[in-house]
Every structure is written in structure tokens, then in C-alpha cells.
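A short worksheet on the structure shown next.
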Amino acid sequence: MTDVTNYAQIDWDDQGRPHSRQYDDVYFSKEQGLEETRHVFIEQNNLRQRFSALQDNQCLVIGETGFGTGMNFLCAWQLFAECAGPGARLHFVTVEKYPLSRADLAKALALWPELADFGNALLAEYVAVHEGFQQFVFEQGRVTLTLMVGDALEQLPQLDARVDAWFLDGFAPAKNPEMWTPELFAQLARLSAEQATLGTFTSTGWVRRGLMAAGFALKKIPGIGKKWEIVRGVYERCPPEQAAPATVAPWYARPPALPGPRQALVIGAGLAGCATAASLAARGWQVSLLDRHAQPASEASGNPQGVLYLKLSAHGTALSRLIISGFGYTRRLLEQLQRGRDWDACGVLQLAFDDKEDQRQAKLAEAFDPTLLQRLNRTDAETMAGIGLASGGLFYPEGGWVHPPALCAWQAKHPNIRLLMHHQVLELRKADGQWQAWEDERLLASAPLAVLACAAEIHRFDGCSELPLKRIRGQITRLPATGQSSTLSTVVCAEGYVAPPRLGEHTLGASFDFTATELTPTAAEHQGNLALLQEISADLAMRLGADHLDPEVLEGRAAFRCTSPDYLPIVGPLADQKAFAQAYAVLAKDARQQPSTPCPWLEGLYINSGHGSRGLITAPLSGELVAAWADGAPLPLPRAVAEACHPNRFMLRELVRGKRRQGEASQ
Ligand SMILES: Cc1cc2nc3c(=O)[nH]c(=O)nc-3n(C[C@H](O)[C@H](O)[C@H](O)COP(=O)(O)OP(=O)(O)OC[C@H]3O[C@@H](n4cnc5c(N)ncnc54)[C@H](O)[C@@H]3O)c2cc1C
Ligand SMILES: C[S@@+](CC[C@H](N)C(=O)[O-])C[C@H]1O[C@@H](n2cnc3c(N)ncnc32)[C@H](O)[C@@H]1O
């Protein structure tokens, strides 16, 4: 697979309207862009009436083929803002093979002054839009946009969603026959909620026949402007002659919706817990966020600066896809925070410090778009970094550093979140459909939904003791900036990393200690970090006067990372371990079996942990993932990636490995 994103190639007509060079077609009707969108997509899906009828906490999901300039999305959002109640939500899921560059998007949206408020909000978040699922959150979560960057025929099969209304856009079938195919129609059917509706501008015969064969009942409607006829439709059934849509394995199926009030408790107020609380709060949950310290971000998430570090694979692994989606999501969140104090988009330079790394970087540069990463030779890298370097490397222009406590504080300040600090949860009990958090004999909080976001401390809770999480101690060193070190203008990484100064100090990191259980910073690890600095740049070390720094008096902090064996985080609903082993025991004998026994969930119990060394990239989007699992909402990641992060993966592997061990023994 290749992750190279092709941006839309656009020609602008004499009135400044966009025309696709790739498809030789216009993005919207020259004469009646907005009216046509409203007539074809908004009216044929009855959106005014459906938005107005939404109850508190109800969410309407719109699916679209061909995001283009986002005009359809903005029109839907504008109408939603006008007529939906304050507790209702809109989730817009769309796919785009050739996303517009930010400059082209700005130019296109300038055509619609009446959509300016919405268009400006979209533009403000239109950063780090790379291949795969890209999640955007607007109006504190009232409106969510999941933009899948890639071909509809590749992306839609990865989507887990129930769509209520379809906007079938995507250039005229005659100009784009590759998209309007039976495979596409089958995906629309698979993803349709009961009685899902659709609107499309095309009445081409073979498109209509294809949609009907997939189970949609269609009606031709008079068009406006030059469009003679358009089509509306309703999803009625999965036709008997078609195979039923593939079902997911029961251990990765969605747990049933929780009855009762939308109340949640989240244990742990680091990056994972604050993100989870924010994503639930945005969906109308009342969240109690508990932590044993006086303030959020007091453990691993408490460093002065962390790096948006993307360790990618050229092979499209689940981890690599998670990183690209997570990076985009975190970058969009950061746009809300104060640059220079809370974060900076100064770029991240990963040095090609040996031949192996150099070759790895060459492969990545072939696989990914230059807007995500670029190879720089030594001279260009030095110019970019503002310091002397021993080699060139890979530059991530959209990367940078973050002050994680600022991100946590920003996420935790949602009005639906109640912060309960100095609350150490020692035990979880289930009573009357509620998870109760206890500290000895003191009941701290209770709710039908509980999320464990307390890193490796989840081991203390029943049902989690077997999850394979490891603690790895790490220490950063705080280095006072000097006049000469302040020229450092990007984060530079080799085995360690060093960031441009924040409030007069550079953060230098970080040590790895797999055995230590103590958290007092040590001089030996400061010494180790200074050695990492020498490897990054002898010039910077000199500018910082590193030779004269006494590790005994250097300042820093240490914390535990929490890592899983496959380096993917552990995110999703939890099952009862014993009952799981019994329910799927057949897998131990034959891993190809497909038992249909429903998964024995620990109803309402979820986890968001195992973010290792990259929590800034993975934890915020994992908050969205937990909320989507719990809320029956479209998943913000491809299904396969969500499954790769699922807590049940370990129990499943155990069962299947048991089978292998038996097989080996009998040979
Ligand atoms: C030295 C170091 C450098 C790092 N550098 C980077 C970097 O550059 N970039 C990057 O992306 N990531 C980096 N990381 C990793 C990143 O910090 C973590 O992935 C991230 O902070 C994990 O967030 P978390 O919320 O899962 O865990 P934590 O931040 O550890 O939060 C867990 C919270 O749970 C609370 N808690 C635990 N048990 C209980 C209980 N029983 N009751 C109540 N509360 C409880 C704790 O008090 C804590 O606040 C670094 C980590 C370290 C240690
Ligand atoms: C007519 S434009 C969409 C207009 C858009 N809805 C708007 O509001 O601006 C069609 C879009 O579909 C996209 N597209 C065409 N074929 C596609 C495919 N196979 N997969 C994903 N997107 C596709 C094009 O790149 C283009 O952006």
C-alpha cells in the first residue's frame, strides 16, 4: 500500500470557480452551486424536518461520497445550526480521493460568504490531512466530521458506521465510472441504517439500476437549473439475491447500548483520561474524572514538552495508520491552544544517524506525501534546525512540541466534566448496573459507564490484571536556554530528542529503564540524556555548555510510560476473561472456527491505556474511539485498526496460541 496523498489539481474559471483536472468536471454547478446542493442533498433527505425532530443526545449521521470543497458539509451544518436543538448532534462521514490543498480550499470557500462562519471553522482545522481517517470536531463536539482520505472503494469497506442519510456526490458517472460501481452501492447498503435516505444529482440509468439492486427504492424528482432530473431514495432491504453483509467476529462486535443515564466515570486524568472525558462530554455524557493527584497530568503526561513524533512504517501497518490519524487529530486540537506557550508547530527533524535509519527514511519518503515528511540533506537540515548537525534526516513540517498539561487542562474544562482530584480509586465494584469507584470504604463516584485510563495502574482492577502492560521508567532533563541555543528552531531527534525552548528551557529526553520502580530523578540518567544530546548535535551541546553542566544539580522529572507488547494502545470495551475463555474455547482447538456466542462483556467497562512513548499522538484519538464504541457512533478509525487496538486481542491470541502449543506438543 502507498500512503501518498494526491491533492486535487484544480483550474479556476474566470469567475474563480473550481474545475477538476483529474476528472475534467466542475465541483459544483456554475450557476446554482448552493441551491443545487440544497435541492439535491438537503431536501431529498428531508434534513430540515429531521434535524428539527432530533431529541437531546440524538445524532444524525450523514454519509457522503466526494468531500471536494466541503460545500455540501457546510450547507448541512448551517441548516443543522439553524434548526436542531442544542442537545442534538450531527456526524458527517465523507470520503475524498483527492483532498484540496488548504490554499485551494480557502479559495473555493471564499465563493460562499453566507457559509463563512462554518467555512472558517473548517479551514482553521484543515491541517495534517493525510491518507486514512481524519477526525474533526467542531462546536465542542456538537458536529463531528470524519473525512476518509483515499478512494471510496478502499475506504468505505473499512468504515464502521450506521448512516442515516446519503449525499451521493462524486462527479458525473460518465466522467467517473470507476467510482459508481456495484461495489460502491453494496457498501452504501452495508452502511445504511434502517430506512436510510439518499439524494443524488445523477439519474443515469445504470447508477439507478445498481442502487436498486443494492436495496434502495428510488424516485426521480425534477432538478433545478440545467439538471433535468435528480434522484431520491430509501434503503429498504438487503435483497435476497445478495449475500448478507459480512458480520464482525463477536469478540470485536459492538457491545449493546447501555441503558440508563448518560453518566460516566473516568479514572486517570492524564492524556488518555482527559481525552476520553472530553470525547464523552462532547457527546452529552456527564463525566466524573478522577485522579489521585492534586491536578491532571501529574504523571507521564506531566513533562514540560513532549514531541509529536511519528514513527511510521512504509507498509501501512495498523500502528502506522493509527499514528497518521492520531497525529492529524491531535494537531487539529492544538489549533485551539496558545502557540509558543502550550505547543509549537516548529516541525520535527528525525536524524538519519546511521545507515539503517537512512535506508528506513528513504523508504518512508517514497511512501508518504512531502506535506507529511521530507528528506533533507545535511545542509538543508542544519538550516531548518538552526544548529550544526552530523547528518540530514527526515523532516515533519507539521510536527512540533506540546506542553501536555496544557492539552489535558484544555480537554478537562468541558462543562460536562467534573474533576475529582485527590481521588485514588482502589477498587471497582458493580452494583445495580453502576460501576462504583471505591477508596477503601469511601464511595468516590458511580456511573453505568467506567473508563480505566490510569496507565499500568489498571492492573489493580478485577478483570484487568492479565492485560500485558509494562511500565518503563523515563526521565527528561530541563536545560536552561542560552543565547546561542535559542537558534534551535525545530525539534531534533536521534535516539533522544531536544526541543526549542519553552519559557526559557529546552526539554531533553529521554531515558528508558525497564526495571526501575523509583521515580526520583537520578544524575546518571541526566548524564545519559546529555550523551543523547551529543549524538543529536555536538554543536547544540556546545551552545548549551553541556560539558560544564553538573548532572547532580540538573533539574528534570521521571515517570512511567505504559507499553503493550505489540506497541499498540489498548482501547475499547472489556470482556470477562473467564467467560471469554469458555465462550470461545473452540478456538483453542481450531482457530478457523467462527463461534457466534455473544461476547461476555463487562457491561459498561472500557479501557484507554498503553500509549507507550507516543501518547500525544495516540491518546486523544483513542478518547474519540472509546466514546464511539460506547455511543454506537461511527468509529474514527478503520475497523481493522480499531480491532488491532481492542483489549480482547490478547485473550484471543492466548486462546489461539494455546491451540498452537497443543499442536506443537502432539508433533
Ligand atoms: C520521560 C517520558 C518522555 C515522553 N516523551 C513523549 C513524547 O515526546 N511524545 C509523546 O507523544 N509521548 C511521550 N511520552 C509518553 C506519554 O507521556 C504517555 O504516552 C502519556 O502521557 C500517557 O498518558 P496516560 O494518560 O495514559 O498516562 P498518565 O499520564 O500516566 O496518566 C495516568 C493517570 O492515572 C492516574 N491514576 C493512576 N492510578 C490511579 C488510581 N488508582 N486512582 C486515580 N488515579 C489514578 C495517575 O495519577 C495519572 O494521572 C513520554 C513519557 C515519558 C515518561
Ligand atoms: C463534484 S465533487 C464534490 C463536490 C463536493 N461534495 C463539494 O461540496 O464541494 C466530487 C468529488 O468526488 C471526489 N471523488 C471522485 N471519485 C472518487 C473516489 N473514487 N473516491 C473518493 N472520492 C472521489 C473528487 O475528487 C471530488 O472531490
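Every chain in the C-alpha cells takes a letter, A first, then B, and so on in the order presented; its residues are numbered from 1, and the ligands are numbered from 1 following the presented order.
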Skipping near chain neighbours, those fewer than 4 positions away, what residues fall within 9 Å of Phe201 of chain A using only C-alpha atoms, listed as a list in words?
Glu36, Thr37, Val40, Phe41, Leu168, Asp169, Ala172, Gly223, Lys227, Glu229, Ile230, Val231 and Arg232 of chain A
I need the alpha helix (DSSP H) residues of segment 208-399 of chain A per DSSP on the backbone, written as number ranges by chain.
A: 208-213, 271-282, 318-334, 355-367, 378-385
Near-Glu457 of chain A list (10 Å; only C-alpha atoms; drop same-chain fewer than 3 positions) as a list in words
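Counting only C-alpha atoms, the residues come to Ile267, Gly268, Val425, Leu426, Leu452, Ala453, Cys454, Arg460, Phe461, Cys464, Ser465, Leu469, Arg471, Cys562 and Ser609 of chain A.
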Pick the closest to Ser511 of chain A from A:Gln484, A:Ile570, A:Arg473, A:Leu443: which is it, counting only C-alpha atoms?
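With only C-alpha atoms as the atom set, the closest residue is A:Arg473.
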Could you list, as number ranges by chain, all the residues within 6 Å of ligand 1, counting only C-alpha atoms and all ligand atoms?
A: 267-273, 290-293, 296-301, 306-308, 423-426, 453-455, 457, 474-476, 510, 558-561, 609, 611-617
